[in-house]
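Containing mmCIF, C-alpha atoms: target_24.cif.
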data_query
loop_
_atom_site.group_PDB
_atom_site.id
_atom_site.type_symbol
_atom_site.label_atom_id
_atom_site.label_comp_id
_atom_site.auth_asym_id
_atom_site.auth_seq_id
_atom_site.Cartn_x
_atom_site.Cartn_y
_atom_site.Cartn_z
ATOM 1 C CA MET A 82 0.000 0.000 0.000
ATOM 2 C CA ARG A 83 1.169 3.537 -0.764
ATOM 3 C CA THR A 84 2.443 5.391 2.306
ATOM 4 C CA THR A 85 3.198 8.744 0.716
ATOM 5 C CA PRO A 86 0.777 11.638 0.175
ATOM 6 C CA PRO A 87 -0.253 12.673 -3.354
ATOM 7 C CA SER A 88 2.876 13.904 -5.134
ATOM 8 C CA TRP A 89 0.996 16.768 -6.822
ATOM 9 C CA ALA A 90 0.001 18.152 -3.408
ATOM 10 C CA GLU A 91 3.588 17.969 -2.227
ATOM 11 C CA SER A 92 4.745 19.767 -5.411
ATOM 12 C CA LEU A 93 2.156 22.482 -4.767
ATOM 13 C CA LEU A 94 3.434 22.883 -1.205
ATOM 14 C CA ARG A 95 7.013 23.136 -2.492
ATOM 15 C CA LEU A 96 5.921 25.963 -4.813
ATOM 16 C CA PHE A 97 4.697 28.139 -1.961
ATOM 17 C CA LEU A 98 7.449 27.507 0.579
ATOM 18 C CA PRO A 99 10.889 29.090 0.730
ATOM 19 C CA PRO A 100 13.507 26.429 -0.160
ATOM 20 C CA HIS A 101 14.958 26.451 3.386
ATOM 21 C CA VAL A 102 11.514 25.810 4.970
ATOM 22 C CA PHE A 103 10.234 23.055 2.655
ATOM 23 C CA PRO A 104 12.311 20.091 3.940
ATOM 24 C CA SER A 105 11.389 20.520 7.609
ATOM 25 C CA LEU A 106 7.717 21.442 7.090
ATOM 26 C CA SER A 107 7.070 18.740 4.485
ATOM 27 C CA GLY A 108 8.908 16.293 6.791
ATOM 28 C CA ASP A 109 6.583 17.253 9.673
ATOM 29 C CA LEU A 110 3.523 16.732 7.468
ATOM 30 C CA LEU A 111 4.854 13.417 6.100
ATOM 31 C CA GLU A 112 5.660 12.140 9.598
ATOM 32 C CA HIS A 113 2.178 13.014 10.872
ATOM 33 C CA TYR A 114 0.569 11.558 7.730
ATOM 34 C CA ARG A 115 2.412 8.239 8.108
ATOM 35 C CA ASP A 116 2.460 7.978 11.885
ATOM 36 C CA SER A 117 -1.019 9.236 12.894
ATOM 37 C CA ILE A 118 -3.395 9.974 10.034
ATOM 38 C CA LEU A 119 -2.850 7.013 7.679
ATOM 39 C CA PRO A 120 -3.193 4.261 10.341
ATOM 40 C CA ALA A 121 -6.262 5.930 11.872
ATOM 41 C CA ARG A 122 -8.173 7.064 8.772
ATOM 42 C CA GLY A 123 -7.024 4.947 5.818
ATOM 43 C CA LEU A 124 -5.488 6.078 2.530
ATOM 44 C CA GLY A 125 -8.354 8.082 1.028
ATOM 45 C CA ARG A 126 -9.096 10.179 4.104
ATOM 46 C CA ALA A 127 -5.384 10.560 4.888
ATOM 47 C CA ASP A 128 -4.830 11.961 1.381
ATOM 48 C CA ARG A 129 -7.756 14.320 1.924
ATOM 49 C CA TRP A 130 -6.197 15.462 5.215
ATOM 50 C CA TYR A 131 -2.880 16.144 3.480
ATOM 51 C CA VAL A 132 -4.488 18.061 0.604
ATOM 52 C CA THR A 133 -6.521 20.120 3.118
ATOM 53 C CA GLN A 134 -3.335 21.022 4.990
ATOM 54 C CA VAL A 135 -1.679 22.151 1.734
ATOM 55 C CA LEU A 136 -4.727 24.141 0.584
ATOM 56 C CA GLU A 137 -5.008 25.757 4.003
ATOM 57 C CA PHE A 138 -1.371 26.773 3.747
ATOM 58 C CA ILE A 139 -1.910 28.277 0.275
ATOM 59 C CA ALA A 140 -5.085 30.063 1.404
ATOM 60 C CA ARG A 141 -3.124 31.553 4.322
ATOM 61 C CA LYS A 142 -0.576 32.990 1.874
ATOM 62 C CA THR A 143 -3.091 34.254 -0.684
ATOM 63 C CA LEU A 144 -6.168 35.236 1.333
ATOM 64 C CA PRO A 145 -5.042 38.815 2.142
ATOM 65 C CA TRP A 146 -4.386 39.446 -1.573
ATOM 66 C CA ALA A 147 -7.705 37.840 -2.532
ATOM 67 C CA ALA A 148 -9.532 40.006 0.016
ATOM 68 C CA LEU A 149 -7.930 43.141 -1.452
ATOM 69 C CA PHE A 150 -8.780 42.000 -4.994
ATOM 70 C CA ALA A 151 -12.395 41.226 -4.105
ATOM 71 C CA GLY A 152 -12.597 44.418 -2.039
ATOM 72 C CA SER A 153 -11.571 46.538 -5.032
ATOM 73 C CA PHE A 154 -14.288 44.880 -7.156
ATOM 74 C CA LEU A 155 -16.960 45.366 -4.534
ATOM 75 C CA ALA A 156 -15.892 48.950 -3.838
ATOM 76 C CA ARG A 157 -16.101 49.727 -7.557
ATOM 77 C CA GLY A 158 -19.602 48.176 -7.699
ATOM 78 C CA ALA A 159 -20.721 50.147 -4.647
ATOM 79 C CA LEU A 160 -19.306 53.381 -6.087
ATOM 80 C CA ASP A 161 -21.182 52.828 -9.366
ATOM 81 C CA VAL A 162 -24.414 52.407 -7.416
ATOM 82 C CA LEU A 163 -23.904 55.191 -4.873
ATOM 83 C CA ARG A 164 -22.378 57.698 -7.295
ATOM 84 C CA PRO A 165 -23.727 56.767 -10.752
ATOM 85 C CA THR A 166 -21.996 58.348 -13.717
ATOM 86 C CA THR A 167 -22.431 58.327 -17.474
ATOM 87 C CA ASP A 168 -18.727 57.851 -18.128
ATOM 88 C CA PHE A 169 -17.455 54.596 -16.634
ATOM 89 C CA HIS A 170 -14.240 54.670 -18.655
ATOM 90 C CA THR A 171 -12.043 56.289 -15.986
ATOM 91 C CA ARG A 172 -13.432 54.090 -13.226
ATOM 92 C CA ALA A 173 -12.965 50.956 -15.352
ATOM 93 C CA GLU A 174 -9.365 51.935 -16.121
ATOM 94 C CA LEU A 175 -8.656 52.637 -12.458
ATOM 95 C CA SER A 176 -10.186 49.404 -11.141
ATOM 96 C CA THR A 177 -8.432 47.368 -13.867
ATOM 97 C CA GLY A 178 -5.149 49.042 -12.938
ATOM 98 C CA ILE A 179 -5.666 48.220 -9.257
ATOM 99 C CA GLY A 180 -6.469 44.571 -10.089
ATOM 100 C CA VAL A 181 -3.446 44.221 -12.373
ATOM 101 C CA GLY A 182 -1.215 45.874 -9.775
ATOM 102 C CA LEU A 183 -2.454 43.567 -7.019
ATOM 103 C CA LEU A 184 -1.893 40.410 -9.060
ATOM 104 C CA LEU A 185 1.584 41.501 -10.180
ATOM 105 C CA SER A 186 2.523 42.448 -6.596
ATOM 106 C CA ALA A 187 1.170 39.181 -5.171
ATOM 107 C CA GLY A 188 3.023 37.126 -7.792
ATOM 108 C CA PHE A 189 6.188 39.096 -7.137
ATOM 109 C CA SER A 190 6.050 38.820 -3.356
ATOM 110 C CA ILE A 191 5.097 35.126 -3.184
ATOM 111 C CA ALA A 192 7.626 34.064 -5.856
ATOM 112 C CA ARG A 193 10.359 36.143 -4.247
ATOM 113 C CA ARG A 194 9.912 34.169 -1.027
ATOM 114 C CA SER A 195 9.663 30.752 -2.644
ATOM 115 C CA GLY A 196 12.169 31.338 -5.441
ATOM 116 C CA SER A 197 9.901 29.841 -8.128
ATOM 117 C CA PHE A 198 8.052 31.939 -10.718
ATOM 118 C CA LEU A 199 5.423 29.180 -10.888
ATOM 119 C CA ALA A 200 4.463 30.147 -7.332
ATOM 120 C CA GLY A 201 3.389 33.515 -8.768
ATOM 121 C CA ALA A 202 1.197 31.857 -11.401
ATOM 122 C CA ALA A 203 -0.328 29.468 -8.853
ATOM 123 C CA ALA A 204 -0.905 32.407 -6.485
ATOM 124 C CA GLY A 205 -2.639 34.350 -9.288
ATOM 125 C CA CYS A 206 -4.960 31.371 -9.821
ATOM 126 C CA ALA A 207 -5.686 30.968 -6.098
ATOM 127 C CA ILE A 208 -6.222 34.712 -5.552
ATOM 128 C CA THR A 209 -8.693 35.139 -8.426
ATOM 129 C CA ALA A 210 -10.529 31.921 -7.498
ATOM 130 C CA ILE A 211 -10.899 32.939 -3.839
ATOM 131 C CA ALA A 212 -11.733 36.513 -4.855
ATOM 132 C CA SER A 213 -14.486 35.332 -7.199
ATOM 133 C CA VAL A 214 -16.149 33.462 -4.312
ATOM 134 C CA LEU A 215 -15.793 36.529 -2.045
ATOM 135 C CA THR A 216 -17.113 38.837 -4.768
ATOM 136 C CA ILE A 217 -20.137 36.665 -5.482
ATOM 137 C CA GLY A 218 -20.905 36.565 -1.745
ATOM 138 C CA GLY A 219 -20.459 40.333 -1.482
ATOM 139 C CA ASN A 220 -22.691 40.979 -4.490
ATOM 140 C CA VAL A 221 -25.421 38.735 -3.104
ATOM 141 C CA VAL A 222 -25.353 40.648 0.199
ATOM 142 C CA ARG A 223 -25.325 43.986 -1.638
ATOM 143 C CA LEU A 224 -28.323 43.033 -3.777
ATOM 144 C CA ALA A 225 -30.186 41.672 -0.767
ATOM 145 C CA LEU A 226 -29.739 45.023 0.985
ATOM 146 C CA TRP A 227 -30.201 47.422 -1.960
ATOM 147 C CA HIS A 228 -32.391 46.361 -4.888
ATOM 148 C CA ASP A 229 -34.723 49.277 -5.579
ATOM 149 C CA PRO A 230 -35.224 50.335 -9.235
ATOM 150 C CA ARG A 231 -32.700 53.205 -8.946
ATOM 151 C CA VAL A 232 -29.985 50.797 -7.758
ATOM 152 C CA MET A 233 -30.864 48.176 -10.379
ATOM 153 C CA SER A 234 -30.651 50.730 -13.191
ATOM 154 C CA ALA A 235 -27.267 51.895 -11.849
ATOM 155 C CA VAL A 236 -26.077 48.248 -11.797
ATOM 156 C CA ALA A 237 -27.318 47.771 -15.370
ATOM 157 C CA ALA A 238 -25.524 50.931 -16.496
ATOM 158 C CA SER A 239 -22.209 49.822 -14.986
ATOM 159 C CA GLY A 240 -22.124 46.436 -16.744
ATOM 160 C CA GLY A 241 -25.123 44.565 -15.406
ATOM 161 C CA LEU A 242 -25.622 41.678 -13.013
ATOM 162 C CA ASP A 243 -23.924 39.215 -15.369
ATOM 163 C CA GLU A 244 -20.681 41.148 -15.171
ATOM 164 C CA ALA A 245 -20.921 41.629 -11.409
ATOM 165 C CA PHE A 246 -21.149 37.859 -10.854
ATOM 166 C CA SER A 247 -19.038 36.403 -13.642
ATOM 167 C CA LEU A 248 -16.182 38.860 -14.148
ATOM 168 C CA PRO A 249 -14.030 37.681 -11.210
ATOM 169 C CA ALA A 250 -14.242 34.048 -12.396
ATOM 170 C CA ILE A 251 -13.429 35.111 -15.977
ATOM 171 C CA LEU A 252 -10.311 36.754 -14.573
ATOM 172 C CA ILE A 253 -8.806 33.458 -13.331
ATOM 173 C CA LEU A 254 -6.838 32.888 -16.546
ATOM 174 C CA PRO A 255 -5.529 36.465 -16.764
ATOM 175 C CA GLY A 256 -4.814 36.112 -13.017
ATOM 176 C CA VAL A 257 -2.545 33.134 -13.722
ATOM 177 C CA ALA A 258 -0.754 35.133 -16.439
ATOM 178 C CA LEU A 259 -0.330 38.286 -14.337
ATOM 179 C CA GLY A 260 0.696 36.308 -11.253
ATOM 180 C CA GLY A 261 3.185 34.463 -13.468
ATOM 181 C CA ILE A 262 4.666 37.729 -14.769
ATOM 182 C CA GLY A 263 4.945 39.034 -11.191
ATOM 183 C CA GLY A 264 6.424 35.651 -10.278
ATOM 184 C CA LEU A 265 9.065 35.923 -12.991
ATOM 185 C CA LEU A 266 10.072 39.327 -11.670
ATOM 186 C CA GLY A 267 10.019 38.113 -8.040
ATOM 187 C CA ALA A 268 12.023 34.946 -8.690
ATOM 188 C CA GLY A 269 14.415 36.957 -10.873
ATOM 189 C CA SER A 270 14.941 39.585 -8.186
ATOM 190 C CA ARG A 271 15.633 36.825 -5.649
ATOM 191 C CA CYS A 272 18.322 35.377 -7.920
ATOM 192 C CA PHE A 273 19.686 38.861 -8.626
ATOM 193 C CA SER A 274 19.857 39.778 -4.914
ATOM 194 C CA ARG A 275 22.093 36.754 -4.251
ATOM 195 C CA TYR A 276 24.871 38.232 -6.399
ATOM 196 C CA MET B 54 7.345 45.872 28.667
ATOM 197 C CA ALA B 55 7.715 42.618 26.724
ATOM 198 C CA GLU B 56 5.951 41.764 23.445
ATOM 199 C CA THR B 57 2.142 41.347 23.713
ATOM 200 C CA LEU B 58 1.126 37.793 22.801
ATOM 201 C CA GLY B 59 -2.059 36.416 21.257
ATOM 202 C CA THR B 60 -3.642 33.221 22.632
ATOM 203 C CA PHE B 61 -2.309 31.020 19.829
ATOM 204 C CA GLU B 62 1.161 32.526 20.176
ATOM 205 C CA GLN B 63 1.065 31.705 23.897
ATOM 206 C CA ALA B 64 -0.050 28.133 23.101
ATOM 207 C CA VAL B 65 2.859 27.662 20.682
ATOM 208 C CA LEU B 66 5.426 29.245 23.034
ATOM 209 C CA LEU B 67 4.254 27.122 25.972
ATOM 210 C CA ALA B 68 4.339 23.979 23.801
ATOM 211 C CA ILE B 69 7.953 24.727 22.880
ATOM 212 C CA PHE B 70 8.777 25.375 26.531
ATOM 213 C CA ARG B 71 7.130 22.117 27.665
ATOM 214 C CA LEU B 72 8.707 20.004 24.922
ATOM 215 C CA ALA B 73 12.183 21.379 25.743
ATOM 216 C CA ASP B 74 14.738 19.483 23.607
ATOM 217 C CA ASP B 75 12.029 17.710 21.578
ATOM 218 C CA ALA B 76 10.324 20.875 20.264
ATOM 219 C CA TYR B 77 10.114 20.430 16.496
ATOM 220 C CA GLY B 78 7.227 21.267 14.131
ATOM 221 C CA ARG B 79 5.103 18.133 14.387
ATOM 222 C CA ALA B 80 5.586 17.706 18.144
ATOM 223 C CA ILE B 81 4.641 21.372 18.676
ATOM 224 C CA SER B 82 1.514 20.986 16.500
ATOM 225 C CA LYS B 83 0.461 17.862 18.458
ATOM 226 C CA GLU B 84 1.085 19.532 21.824
ATOM 227 C CA VAL B 85 -0.884 22.653 20.831
ATOM 228 C CA ALA B 86 -3.747 20.486 19.497
ATOM 229 C CA THR B 87 -3.826 18.459 22.718
ATOM 230 C CA ARG B 88 -3.818 21.536 24.965
ATOM 231 C CA LEU B 89 -6.428 23.434 22.943
ATOM 232 C CA GLY B 90 -8.536 20.311 22.483
ATOM 233 C CA ARG B 91 -8.970 20.772 18.733
ATOM 234 C CA GLU B 92 -7.152 19.964 15.512
ATOM 235 C CA VAL B 93 -4.756 22.688 14.398
ATOM 236 C CA ALA B 94 -3.498 23.271 10.877
ATOM 237 C CA PHE B 95 0.235 22.780 10.400
ATOM 238 C CA GLY B 96 0.185 25.974 8.338
ATOM 239 C CA ALA B 97 -1.169 27.945 11.314
ATOM 240 C CA VAL B 98 1.569 26.613 13.590
ATOM 241 C CA GLN B 99 4.237 27.243 10.935
ATOM 242 C CA ALA B 100 3.046 30.831 10.391
ATOM 243 C CA THR B 101 3.127 31.434 14.158
ATOM 244 C CA LEU B 102 6.612 29.938 14.473
ATOM 245 C CA GLU B 103 7.830 32.233 11.669
ATOM 246 C CA ARG B 104 6.241 35.249 13.345
ATOM 247 C CA LEU B 105 7.693 34.402 16.773
ATOM 248 C CA GLU B 106 11.119 33.857 15.244
ATOM 249 C CA ASN B 107 10.922 37.210 13.422
ATOM 250 C CA LYS B 108 10.077 38.850 16.767
ATOM 251 C CA ARG B 109 13.104 37.016 18.235
ATOM 252 C CA LEU B 110 10.943 35.330 20.881
ATOM 253 C CA ILE B 111 12.204 31.896 19.773
ATOM 254 C CA SER B 112 15.268 30.569 17.992
ATOM 255 C CA SER B 113 15.655 27.472 15.835
ATOM 256 C CA LEU B 114 18.311 24.989 14.778
ATOM 257 C CA PRO B 115 18.206 22.298 12.089
ATOM 258 C CA GLY B 116 18.259 18.691 13.309
ATOM 259 C CA SER B 117 18.502 15.271 11.744
ATOM 260 C CA GLY B 118 15.858 13.423 9.726
ATOM 261 C CA THR B 119 14.268 10.048 10.445
ATOM 262 C CA PRO B 120 13.117 7.252 8.085
ATOM 263 C CA ILE B 121 9.415 8.009 8.664
ATOM 264 C CA ARG B 122 10.119 11.555 7.403
ATOM 265 C CA ALA B 123 11.970 10.157 4.373
ATOM 266 C CA GLY B 124 15.131 11.605 5.901
ATOM 267 C CA ARG B 125 13.859 15.172 5.817
ATOM 268 C CA PRO B 126 15.433 17.237 8.594
ATOM 269 C CA ARG B 127 13.567 18.451 11.643
ATOM 270 C CA ARG B 128 13.852 22.045 12.845
ATOM 271 C CA PHE B 129 14.105 22.347 16.610
ATOM 272 C CA TYR B 130 12.841 25.436 18.407
ATOM 273 C CA ARG B 131 13.772 26.983 21.744
ATOM 274 C CA VAL B 132 12.119 29.823 23.663
ATOM 275 C CA ALA B 133 14.447 32.852 23.837
ATOM 276 C CA PRO B 134 14.784 34.911 27.050
ATOM 277 C CA SER B 135 12.552 37.590 25.466
ATOM 278 C CA GLY B 136 9.937 34.866 24.807
ATOM 279 C CA ILE B 137 10.005 33.815 28.458
ATOM 280 C CA ALA B 138 9.601 37.462 29.490
ATOM 281 C CA ALA B 139 6.629 37.802 27.108
ATOM 282 C CA LEU B 140 4.991 34.671 28.563
ATOM 283 C CA ASN B 141 5.509 35.928 32.113
ATOM 284 C CA ASP B 142 3.995 39.293 31.140
ATOM 285 C CA ALA B 143 0.981 37.587 29.533
ATOM 286 C CA ARG B 144 0.371 35.536 32.682
ATOM 287 C CA THR B 145 0.768 38.562 34.961
ATOM 288 C CA THR B 146 -1.618 40.627 32.820
ATOM 289 C CA ALA B 147 -4.243 37.855 32.883
ATOM 290 C CA GLU B 148 -3.928 37.540 36.666
ATOM 291 C CA ILE B 149 -4.304 41.310 37.158
ATOM 292 C CA LEU B 150 -7.386 41.359 34.902
ATOM 293 C CA TRP B 151 -8.985 38.437 36.754
ATOM 294 C CA ARG B 152 -8.100 39.600 40.288
ATOM 295 C CA GLY B 153 -11.194 39.879 42.494
ATOM 296 C CA LEU B 154 -13.441 37.871 40.175
ATOM 297 C CA ARG B 155 -14.725 34.407 40.973
ATOM 298 C CA TRP B 156 -14.132 31.883 38.191
ATOM 299 C CA PRO B 157 -16.079 30.603 36.299
ATOM 300 C CA LEU B 158 -18.048 33.804 35.684
ATOM 301 C CA ARG B 159 -21.826 33.518 35.909
ATOM 302 C CA GLY B 160 -24.201 35.742 34.005
ATOM 303 C CA PRO B 161 -27.039 37.628 35.715
ATOM 304 C CA ALA B 162 -29.585 35.111 37.053
#

Let me see whether you can do it: turn the structure in this file into structure tokens.
Amino acid sequence: MRTTPPSWAESLLRLFLPPHVFPSLSGDLLEHYRDSILPARGLGRADRWYVTQVLEFIARKTLPWAALFAGSFLARGALDVLRPTTDFHTRAELSTGIGVGLLLSAGFSIARRSGSFLAGAAAGCAITAIASVLTIGGNVVRLALWHDPRVMSAVAASGGLDEAFSLPAILILPGVALGGIGGLLGAGSRCFSRY
Amino acid sequence: MAETLGTFEQAVLLAIFRLADDAYGRAISKEVATRLGREVAFGAVQATLERLENKRLISSLPGSGTPIRAGRPRRFYRVAPSGIAALNDARTTAEILWRGLRWPLRGPA
């Protein structure tokens, strides 16, 4: 019987950890997996425990960025409703710039710590995925609180309900790309700072 | 005045103190889980260890690996004098706050 956790989960953990932390932390997880979890829960549930630990670790690293990303979306939506305008161009440019900046910064910072540009791309994916869940939740709350005709026409004018709910999820792929670019810069700066 | 500690930081520091020479990541996680009576994520313990080390409340040294860990090294932690001072401060503060009150508290009948 296999006594090692899923290799893909371990590779994902390696992506997000600084090289000097990975051996000891992954050793701790492996020891607990083999010594306590596997004998008590069996292979399937032990694997699930390991994957949960890895995802929790990634969420811990990316959640603040995802909250900022979702917050910028929700703030933009609230501004469009509270202060409607006929020209959304400037606001759209500003909110896009903030989103791009956040993803590049997150990719840079996470890849600089781990030393792998792929960590930036994976972080971009995690951040946009978590942010899309947060944004959908935020939009549901917003619509539950304010849904009079004036608000609904302001929502329609700023892109409509479809955009409010689907845009963050559509951004997952660009999030991977932007996180990856930030990751390249972060991993590069880590290499450069060694010399 | 020493560093102000959160509850989880106190749990991790006290686990390291109790475990003495055997305070490495997994043992600390198990000790914290046992004391708090709930499962704790390794990531939460790791993040706290990093934070405590950055505040210089603990120090760490690499150790040897074992076959069950596939030879991966352990990292052993020790509470620094500033960590002990912070724990003492936390205990003193709690005692001052609780002085004169009968525990457990009861709400108005």

So that each row is one residue of chain B with an atom at most 7 Å from chain A, can you give its shortest atom pair and the distance in Å to one decimal, using only C-alpha atoms, rows by chain and rising number, as a tab-separated table?
residue	atom	partner	partner_atom	distance
B:Gly78	CA	A:Asp109	CA	6.0
B:Arg79	CA	A:Asp109	CA	5.0
B:Ala94	CA	A:Gln134	CA	6.3
B:Phe95	CA	A:Gln134	CA	6.7
B:Gly96	CA	A:Phe138	CA	4.9
B:Ile121	CA	A:Glu112	CA	5.7
B:Arg122	CA	A:Gly108	CA	4.9
B:Arg125	CA	A:Gly108	CA	5.2
B:Pro126	CA	A:Ser105	CA	5.3
B:Arg127	CA	A:Ser105	CA	5.0
B:Arg128	CA	A:Ser105	CA	6.0

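Between Ile137 in chain B and the candidates B:Glu84, B:Glu56, B:Asp75, B:Glu106, the tightest atom-to-atom separation, counting all atoms listed in the file, involves B:Glu56.
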
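Between CA of Ala235 in chain A and CA of Thr167 in chain A lies a distance of 9.8 Å.
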
Nearest-residue call for Gly269 in chain A, choices A:Thr166, A:Ser195, A:Ser176, A:Thr143, using all atoms listed in the file: A:Ser195

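If you look at CA of Gly196 in chain A and CA of Trp89 in chain A, they are 18.4 Å away from each other.
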
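Selection check: the PyMOL selection byres ((chain B and resi 105) around 10) on the shown file gives Leu58, Glu62, Val65, Leu66, Gln99, Ala100, Thr101, Leu102, Glu103, Arg104, Glu106, Asn107, Lys108, Arg109, Leu110, Ile111, Ser112, Val132, Ala133 and Gly136 of chain B.
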
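Between CA of Phe70 in chain B and CA of Ala147 in chain B the interatomic distance comes to 19.1 Å.
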
Near-Arg71 in chain B list (12 Å; all atoms listed in the file; drop same-chain fewer than 6 positions) as a VMD selection string: chain B and resid 63 to 65 77 80 to 81 84 to 85 88 130 to 132

Could those selected residues go to a file with C-alpha atoms, as a CSV table (one decimal), in the frame of the given file?
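Dumped to out.csv:
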chain,number,residue,atom,x,y,z
B,63,GLN,CA,1.1,31.7,23.9
B,64,ALA,CA,0.0,28.1,23.1
B,65,VAL,CA,2.9,27.7,20.7
B,77,TYR,CA,10.1,20.4,16.5
B,80,ALA,CA,5.6,17.7,18.1
B,81,ILE,CA,4.6,21.4,18.7
B,84,GLU,CA,1.1,19.5,21.8
B,85,VAL,CA,-0.9,22.7,20.8
B,88,ARG,CA,-3.8,21.5,25.0
B,130,TYR,CA,12.8,25.4,18.4
B,131,ARG,CA,13.8,27.0,21.7
B,132,VAL,CA,12.1,29.8,23.7

Non-local contacts of Val232 in chain A (10 Å; only C-alpha atoms; under 6 positions in same chain excluded) as a VMD selection string: chain A and resid 159 161 to 163 165 224 238

Hits from the PyMOL selection byres ((chain A and resi 203) around 9), listed as a PyMOL selection string: chain A and resi 93+96-97+188+198-202+204-208+257+260-261

Closest of B:Arg91, B:Ala139, B:Leu154, B:Phe129 to Leu114 in chain B - atom-to-atom distances counting all atoms listed in the file: B:Phe129

To test the calculation: enclose all listed atoms of range 57-74 of chain B in a box whose edges run along x, y and z, add 6 Å on each side, then state centre and edge lengths in Å to one decimal, as JSON.
{"center_x": 5.5, "center_y": 30.4, "center_z": 23.7, "size_x": 30.4, "size_y": 33.9, "size_z": 19.8}

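With all atoms listed in the file as the atoms that count, the minimum distance from Ala258 in chain A to the choices A:Ala173, A:Gly240, A:Leu184, A:Leu124 is reached by A:Leu184.
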
Best match for closeness to Thr60 in chain B among B:Ala138, B:Arg159, B:Thr119, B:Leu89, counting all atoms listed in the file: B:Leu89

Long-range neighbours of Phe246 in chain A as a PyMOL selection string, 12 Å cut-off, all atoms listed in the file, 5 positions minimum in chain: chain A and resi 151+154-155+158+212-221+223-224+236+240-241+251-252
